[in-house]
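**Student:** Have a look at the structure that comes next, please.
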Amino acid sequence: MFDPKEFVDDAIKKLREEIKGKALIACSGGVDSTVAAVLAYKAIGEKLYALHVNTGLLRKNESEQVRNLFQRLGIHLNYIDASERFFEKLKGIKDPEEKRKIIGELFIRIFEEFAEEKDIEYLIQGTIAPDWIESGDQLRDTIKTHHNVGGLPKDIKLKVVEPLRDLYKDEVRKVARFLDIPVSEKQPFPGPGLAVRVIGEVTKEKIEIVREACAIVEEEIEKASKDGKMPLPWQYFAVLLPVRTVGVHGDKRAYGYTIAVRAIDSVDAMTGSFSRIPHDVLDKIATRISNEIGDKVTRVVYDITNKPPATIEWE
Ligand code: XMP
């Protein structure tokens, strides 16, 4: 039986032993990196530098929410807006693995620049077990390169510390509840952000569209779950497909993209089944997408693939 108190005490002790100087932690506001940040802050106090990088690939209002969260936690959060750098590097890139590697590498370069400025030696990462299992090792095939594992460049100058490496998500959530961290129940969001929810080349326009669509999916599913119409899925979001189809917007012809709605039930992200969303909830999502972004999106489809054979994210 996993005991969060025992884990916390042990993790703090190990972090104190391992970290001999200043350490940096990148904070996305997700449960993994927030738990890692709180543990590290308890272990080394002001020697911890928390940093939030705005990649331009985050969800609606997400960056602001992260800054508010850290204010509540009483941990000073440094902030870098690097969105232009991310869009520039992703220009023309279509291959999902290449996208993931570029994003992972740029994150690390930004961390290294910040670390050099502040004389920081260590990098704490919120990597959990499924991240490295699915990123492949000698025994396993690479399913996809999670940006905080296989995306690390070989010549990284910082010493990487991963206090949550052996935990599964349900265990991280238990630790978060034990530590009273308000994002303990938040749905996972991938490190490469909305870039892996725009299939093919990433552009600012496509990110804007998928950001709006994700917000609609999240709002409607959370509302339906609150109203007792359905259990809250493990993850629920929108994906923009580069497929264009013909539609009618107002009384005019429209030729827009396709949005796929993805909602999946799982306990540890290793396997999952598509959520049986009531049809009226799907209807509401499609109607709102048509009303709010119908000039850019002419079709909404629902993904009914389990994991396996599909993965949760489309890229
Ligand atoms: P897949 O898509 O591989 O995802 O079935 C399993 C879980 O991991 C999340 N995910 C990521 N998390 N960095 C992360 O920190 C990543 O690069 C990444 N890619 C996928 C995904 O959202 C799901 O919860």
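Identifiers in the structure tokens: chain A, B, ... in order shown; residue index from 1 per chain; ligand index from 1 in order shown.
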Using 7 Å as the limit and counting only C-alpha atoms and all ligand atoms, can you tabulate each residue of chain A that touches ligand 1, with its shortest atom-to-atom distance in Å and the two atoms involved, as JSON lines?

**Tutor:**
{"residue": "A:Arg100", "atom": "CA", "partner": "ligand 1", "partner_atom_place_in_ligand_line": "17 (O)", "distance": 6.8}
{"residue": "A:Thr127", "atom": "CA", "partner": "ligand 1", "partner_atom_place_in_ligand_line": "15 (O)", "distance": 7.0}
{"residue": "A:Asp131", "atom": "CA", "partner": "ligand 1", "partner_atom_place_in_ligand_line": "12 (N)", "distance": 6.5}
{"residue": "A:Glu134", "atom": "CA", "partner": "ligand 1", "partner_atom_place_in_ligand_line": "3 (O)", "distance": 6.8}
{"residue": "A:Ile143", "atom": "CA", "partner": "ligand 1", "partner_atom_place_in_ligand_line": "3 (O)", "distance": 6.9}
{"residue": "A:Lys144", "atom": "CA", "partner": "ligand 1", "partner_atom_place_in_ligand_line": "3 (O)", "distance": 6.3}
{"residue": "A:Thr145", "atom": "CA", "partner": "ligand 1", "partner_atom_place_in_ligand_line": "17 (O)", "distance": 6.2}
{"residue": "A:His146", "atom": "CA", "partner": "ligand 1", "partner_atom_place_in_ligand_line": "17 (O)", "distance": 3.2}
{"residue": "A:His147", "atom": "CA", "partner": "ligand 1", "partner_atom_place_in_ligand_line": "17 (O)", "distance": 4.0}
{"residue": "A:Asn148", "atom": "CA", "partner": "ligand 1", "partner_atom_place_in_ligand_line": "13 (N)", "distance": 6.0}
{"residue": "A:Pro188", "atom": "CA", "partner": "ligand 1", "partner_atom_place_in_ligand_line": "24 (O)", "distance": 4.9}
{"residue": "A:Phe189", "atom": "CA", "partner": "ligand 1", "partner_atom_place_in_ligand_line": "22 (O)", "distance": 4.9}
{"residue": "A:Pro190", "atom": "CA", "partner": "ligand 1", "partner_atom_place_in_ligand_line": "11 (C)", "distance": 3.6}
{"residue": "A:Gly191", "atom": "CA", "partner": "ligand 1", "partner_atom_place_in_ligand_line": "13 (N)", "distance": 3.9}
{"residue": "A:Pro192", "atom": "CA", "partner": "ligand 1", "partner_atom_place_in_ligand_line": "17 (O)", "distance": 5.5}
{"residue": "A:Gln235", "atom": "CA", "partner": "ligand 1", "partner_atom_place_in_ligand_line": "24 (O)", "distance": 7.0}
{"residue": "A:Ala269", "atom": "CA", "partner": "ligand 1", "partner_atom_place_in_ligand_line": "6 (C)", "distance": 4.9}
{"residue": "A:Met270", "atom": "CA", "partner": "ligand 1", "partner_atom_place_in_ligand_line": "6 (C)", "distance": 6.5}
{"residue": "A:Lys307", "atom": "CA", "partner": "ligand 1", "partner_atom_place_in_ligand_line": "5 (O)", "distance": 6.9}
{"residue": "A:Thr311", "atom": "CA", "partner": "ligand 1", "partner_atom_place_in_ligand_line": "5 (O)", "distance": 3.7}
{"residue": "A:Ile312", "atom": "CA", "partner": "ligand 1", "partner_atom_place_in_ligand_line": "5 (O)", "distance": 3.6}
{"residue": "A:Glu313", "atom": "CA", "partner": "ligand 1", "partner_atom_place_in_ligand_line": "2 (O)", "distance": 3.6}
{"residue": "A:Trp314", "atom": "CA", "partner": "ligand 1", "partner_atom_place_in_ligand_line": "2 (O)", "distance": 6.4}
{"residue": "A:Glu315", "atom": "CA", "partner": "ligand 1", "partner_atom_place_in_ligand_line": "2 (O)", "distance": 6.8}

**Student:** Distance table requested - segment 5-122 of chain A against segment 174-182 of chain A, cut-off 8 Å, only C-alpha atoms: one row per qualifying residue with the closest atom pair and its distance in Å to one decimal, ordered by chain and rising residue number, as a Markdown table.

**Tutor:**
| residue | atom | partner | partner_atom | distance |
| --- | --- | --- | --- | --- |
| A:Lys5 | CA | A:Phe178 | CA | 7.3 |
| A:Phe7 | CA | A:Val175 | CA | 7.9 |
| A:Val8 | CA | A:Val175 | CA | 7.3 |
| A:Val31 | CA | A:Ala176 | CA | 7.2 |
| A:Thr34 | CA | A:Ile181 | CA | 7.9 |
| A:Val35 | CA | A:Ala176 | CA | 6.0 |
| A:Leu69 | CA | A:Pro182 | CA | 7.9 |
| A:Leu73 | CA | A:Ile181 | CA | 7.9 |

**Student:** Give me a file of those residues, with C-alpha atoms, as a PDB file, in the first residue's frame.

**Tutor:**
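Full text of again_26.pdb as output:
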ATOM      1  CA  LYS A   5       3.466  10.553   4.218  1.00  0.00           C
ATOM      2  CA  PHE A   7       6.945   8.989   0.437  1.00  0.00           C
ATOM      3  CA  VAL A   8       7.073  12.716   1.282  1.00  0.00           C
ATOM      4  CA  VAL A  31       0.042  18.068 -10.643  1.00  0.00           C
ATOM      5  CA  THR A  34       3.685  21.248  -8.704  1.00  0.00           C
ATOM      6  CA  VAL A  35       4.169  18.296  -6.336  1.00  0.00           C
ATOM      7  CA  LEU A  69      -1.348  28.925  -7.944  1.00  0.00           C
ATOM      8  CA  LEU A  73       1.553  28.096  -2.424  1.00  0.00           C
TER       9      LEU A  73
END

**Student:** Record the distance separating atom CA of Val248 of chain A and atom CA of Leu282 of chain A, expressed in Å with one decimal.

**Tutor:**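 For atom CA of Val248 of chain A relative to atom CA of Leu282 of chain A, the distance reads 19.7 Å.
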
**Student:** Just the number, please: distance in Å from atom CA of Gln125 of chain A to atom CA of Lys94 of chain A, one decimal.

**Tutor:**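 The value is 27.1 Å.
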
**Student:** Smallest atom-to-atom distance to Glu218 of chain A: which of A:Thr305, A:Pro4, A:Lys60, A:Lys159, using only C-alpha atoms?

**Tutor:**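 Ranking A:Thr305, A:Pro4, A:Lys60, A:Lys159 by distance to Glu218 of chain A, first place goes to A:Lys60.
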
**Student:** In Å, rounded to a single decimal, give me how far atom CA of Gly256 of chain A is from atom CA of Val243 of chain A.

**Tutor:** 8.1 Å

**Student:** Mind listing the strand (DSSP E) residues of segment 52-119 of chain A, per DSSP on the backbone, as a ChimeraX atom specification?

**Tutor:** /A:52-54,77-81

**Student:** Pick out the closest residue to Ile19 of chain A from this set: A:Leu77, A:Asp3, A:Val160, A:Arg67. Count only C-alpha atoms.

**Tutor:**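 Comparing A:Leu77, A:Asp3, A:Val160, A:Arg67 against Ile19 of chain A, the winner is A:Val160.
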
**Student:** With only C-alpha atoms as the atoms that count, which of A:Val246, A:Asp268, A:Lys223, A:Pro278 lies nearest to Arg299 of chain A?

**Tutor:**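 When distances to Arg299 of chain A are compared using only C-alpha atoms, the smallest one comes from A:Val246.
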
**Student:** Pick from A:Glu117, A:Ala23, A:Ile93, A:Asp166: nearest to Ala129 of chain A, with only C-alpha atoms counted?

**Tutor:**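 Selected residue with least distance to Ala129 of chain A: A:Asp166.
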
**Student:** Using only C-alpha atoms, find the one residue out of A:Ala50, A:Ile216, A:Asp227, A:Val261 that sits nearest to Arg197 of chain A.

**Tutor:**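 The shortest atom-to-atom distance to Arg197 of chain A comes from A:Val261.
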
**Student:** Among segment 56-290 of chain A, which ones does DSSP assign to alpha helix (DSSP H) (computed from the backbone)? Answer as an MDAnalysis selection string.

**Tutor:** chainID A and resid 62:73 83:90 96:118 129:134 169:178 204:226 279:290

**Student:** Store the residues picked out above, limited to C-alpha atoms, as a JSON list (two decimals), in the first residue's frame.

**Tutor:**
[["chain", "number", "residue", "atom", "x", "y", "z"],
["A", 62, "GLU", "CA", -3.37, 28.85, -18.18],
["A", 63, "SER", "CA", -0.28, 30.96, -17.64],
["A", 64, "GLU", "CA", -2.18, 33.34, -15.36],
["A", 65, "GLN", "CA", -3.63, 30.41, -13.39],
["A", 66, "VAL", "CA", -0.14, 28.98, -12.83],
["A", 67, "ARG", "CA", 1.09, 32.29, -11.46],
["A", 68, "ASN", "CA", -1.92, 32.51, -9.10],
["A", 69, "LEU", "CA", -1.35, 28.92, -7.94],
["A", 70, "PHE", "CA", 2.25, 29.60, -6.93],
["A", 71, "GLN", "CA", 1.24, 32.77, -5.16],
["A", 72, "ARG", "CA", -1.18, 30.65, -3.10],
["A", 73, "LEU", "CA", 1.55, 28.10, -2.42],
["A", 83, "SER", "CA", 6.21, 31.98, -27.20],
["A", 84, "GLU", "CA", 7.87, 33.66, -30.19],
["A", 85, "ARG", "CA", 10.90, 31.36, -29.88],
["A", 86, "PHE", "CA", 8.70, 28.25, -29.83],
["A", 87, "PHE", "CA", 6.64, 29.30, -32.86],
["A", 88, "GLU", "CA", 9.80, 30.20, -34.77],
["A", 89, "LYS", "CA", 11.43, 26.80, -34.13],
["A", 90, "LEU", "CA", 8.27, 24.88, -35.02],
["A", 96, "PRO", "CA", 5.27, 14.51, -34.32],
["A", 97, "GLU", "CA", 8.56, 13.16, -32.96],
["A", 98, "GLU", "CA", 10.50, 16.05, -34.47],
["A", 99, "LYS", "CA", 8.05, 18.51, -32.88],
["A", 100, "ARG", "CA", 8.46, 16.84, -29.49],
["A", 101, "LYS", "CA", 12.27, 16.88, -29.73],
["A", 102, "ILE", "CA", 12.40, 20.53, -30.80],
["A", 103, "ILE", "CA", 10.12, 21.58, -27.93],
["A", 104, "GLY", "CA", 12.04, 19.48, -25.36],
["A", 105, "GLU", "CA", 15.33, 20.91, -26.52],
["A", 106, "LEU", "CA", 14.16, 24.52, -26.53],
["A", 107, "PHE", "CA", 12.81, 24.10, -22.99],
["A", 108, "ILE", "CA", 16.23, 22.88, -21.89],
["A", 109, "ARG", "CA", 18.06, 25.74, -23.64],
["A", 110, "ILE", "CA", 15.81, 28.23, -21.84],
["A", 111, "PHE", "CA", 16.45, 26.47, -18.51],
["A", 112, "GLU", "CA", 20.21, 26.53, -19.18],
["A", 113, "GLU", "CA", 20.18, 30.25, -19.97],
["A", 114, "PHE", "CA", 18.24, 30.97, -16.79],
["A", 115, "ALA", "CA", 20.50, 28.63, -14.75],
["A", 116, "GLU", "CA", 23.65, 30.28, -16.04],
["A", 117, "GLU", "CA", 22.35, 33.69, -15.09],
["A", 118, "LYS", "CA", 21.53, 32.53, -11.53],
["A", 129, "ALA", "CA", 6.87, 6.36, -14.35],
["A", 130, "PRO", "CA", 4.70, 6.27, -17.52],
["A", 131, "ASP", "CA", 6.75, 9.16, -19.02],
["A", 132, "TRP", "CA", 9.95, 7.15, -19.16],
["A", 133, "ILE", "CA", 8.34, 3.76, -19.72],
["A", 134, "GLU", "CA", 6.69, 5.02, -22.91],
["A", 169, "LYS", "CA", -0.34, 9.31, -11.50],
["A", 170, "ASP", "CA", -2.76, 8.04, -8.85],
["A", 171, "GLU", "CA", 0.11, 8.02, -6.37],
["A", 172, "VAL", "CA", 1.17, 11.56, -7.32],
["A", 173, "ARG", "CA", -2.44, 12.66, -6.73],
["A", 174, "LYS", "CA", -2.37, 11.01, -3.29],
["A", 175, "VAL", "CA", 0.80, 12.96, -2.46],
["A", 176, "ALA", "CA", -0.83, 16.17, -3.76],
["A", 177, "ARG", "CA", -3.90, 15.63, -1.55],
["A", 178, "PHE", "CA", -1.68, 14.87, 1.42],
["A", 204, "LYS", "CA", -0.44, 30.62, -34.33],
["A", 205, "GLU", "CA", -3.83, 30.50, -36.07],
["A", 206, "LYS", "CA", -4.24, 26.75, -35.51],
["A", 207, "ILE", "CA", -3.15, 27.04, -31.88],
["A", 208, "GLU", "CA", -5.77, 29.77, -31.34],
["A", 209, "ILE", "CA", -8.47, 27.51, -32.82],
["A", 210, "VAL", "CA", -7.56, 24.43, -30.80],
["A", 211, "ARG", "CA", -7.21, 26.55, -27.63],
["A", 212, "GLU", "CA", -10.81, 27.77, -28.03],
["A", 213, "ALA", "CA", -12.03, 24.25, -28.85],
["A", 214, "CYS", "CA", -10.23, 22.76, -25.82],
["A", 215, "ALA", "CA", -11.81, 25.41, -23.57],
["A", 216, "ILE", "CA", -15.29, 24.53, -24.89],
["A", 217, "VAL", "CA", -14.72, 20.77, -24.41],
["A", 218, "GLU", "CA", -13.41, 21.31, -20.88],
["A", 219, "GLU", "CA", -16.25, 23.64, -19.88],
["A", 220, "GLU", "CA", -19.04, 21.44, -21.23],
["A", 221, "ILE", "CA", -17.67, 18.17, -19.85],
["A", 222, "GLU", "CA", -16.97, 19.67, -16.42],
["A", 223, "LYS", "CA", -20.49, 21.13, -16.37],
["A", 224, "ALA", "CA", -22.07, 17.81, -17.40],
["A", 225, "SER", "CA", -20.09, 16.01, -14.73],
["A", 226, "LYS", "CA", -21.10, 18.56, -12.07],
["A", 279, "HIS", "CA", -25.13, 12.44, -26.86],
["A", 280, "ASP", "CA", -26.70, 15.67, -25.62],
["A", 281, "VAL", "CA", -23.33, 16.70, -24.15],
["A", 282, "LEU", "CA", -21.60, 15.94, -27.47],
["A", 283, "ASP", "CA", -24.34, 17.92, -29.19],
["A", 284, "LYS", "CA", -23.73, 20.92, -26.92],
["A", 285, "ILE", "CA", -19.97, 20.79, -27.60],
["A", 286, "ALA", "CA", -20.49, 20.63, -31.39],
["A", 287, "THR", "CA", -23.06, 23.44, -31.31],
["A", 288, "ARG", "CA", -20.81, 25.72, -29.28],
["A", 289, "ILE", "CA", -17.84, 25.03, -31.56],
["A", 290, "SER", "CA", -20.01, 25.87, -34.60]]
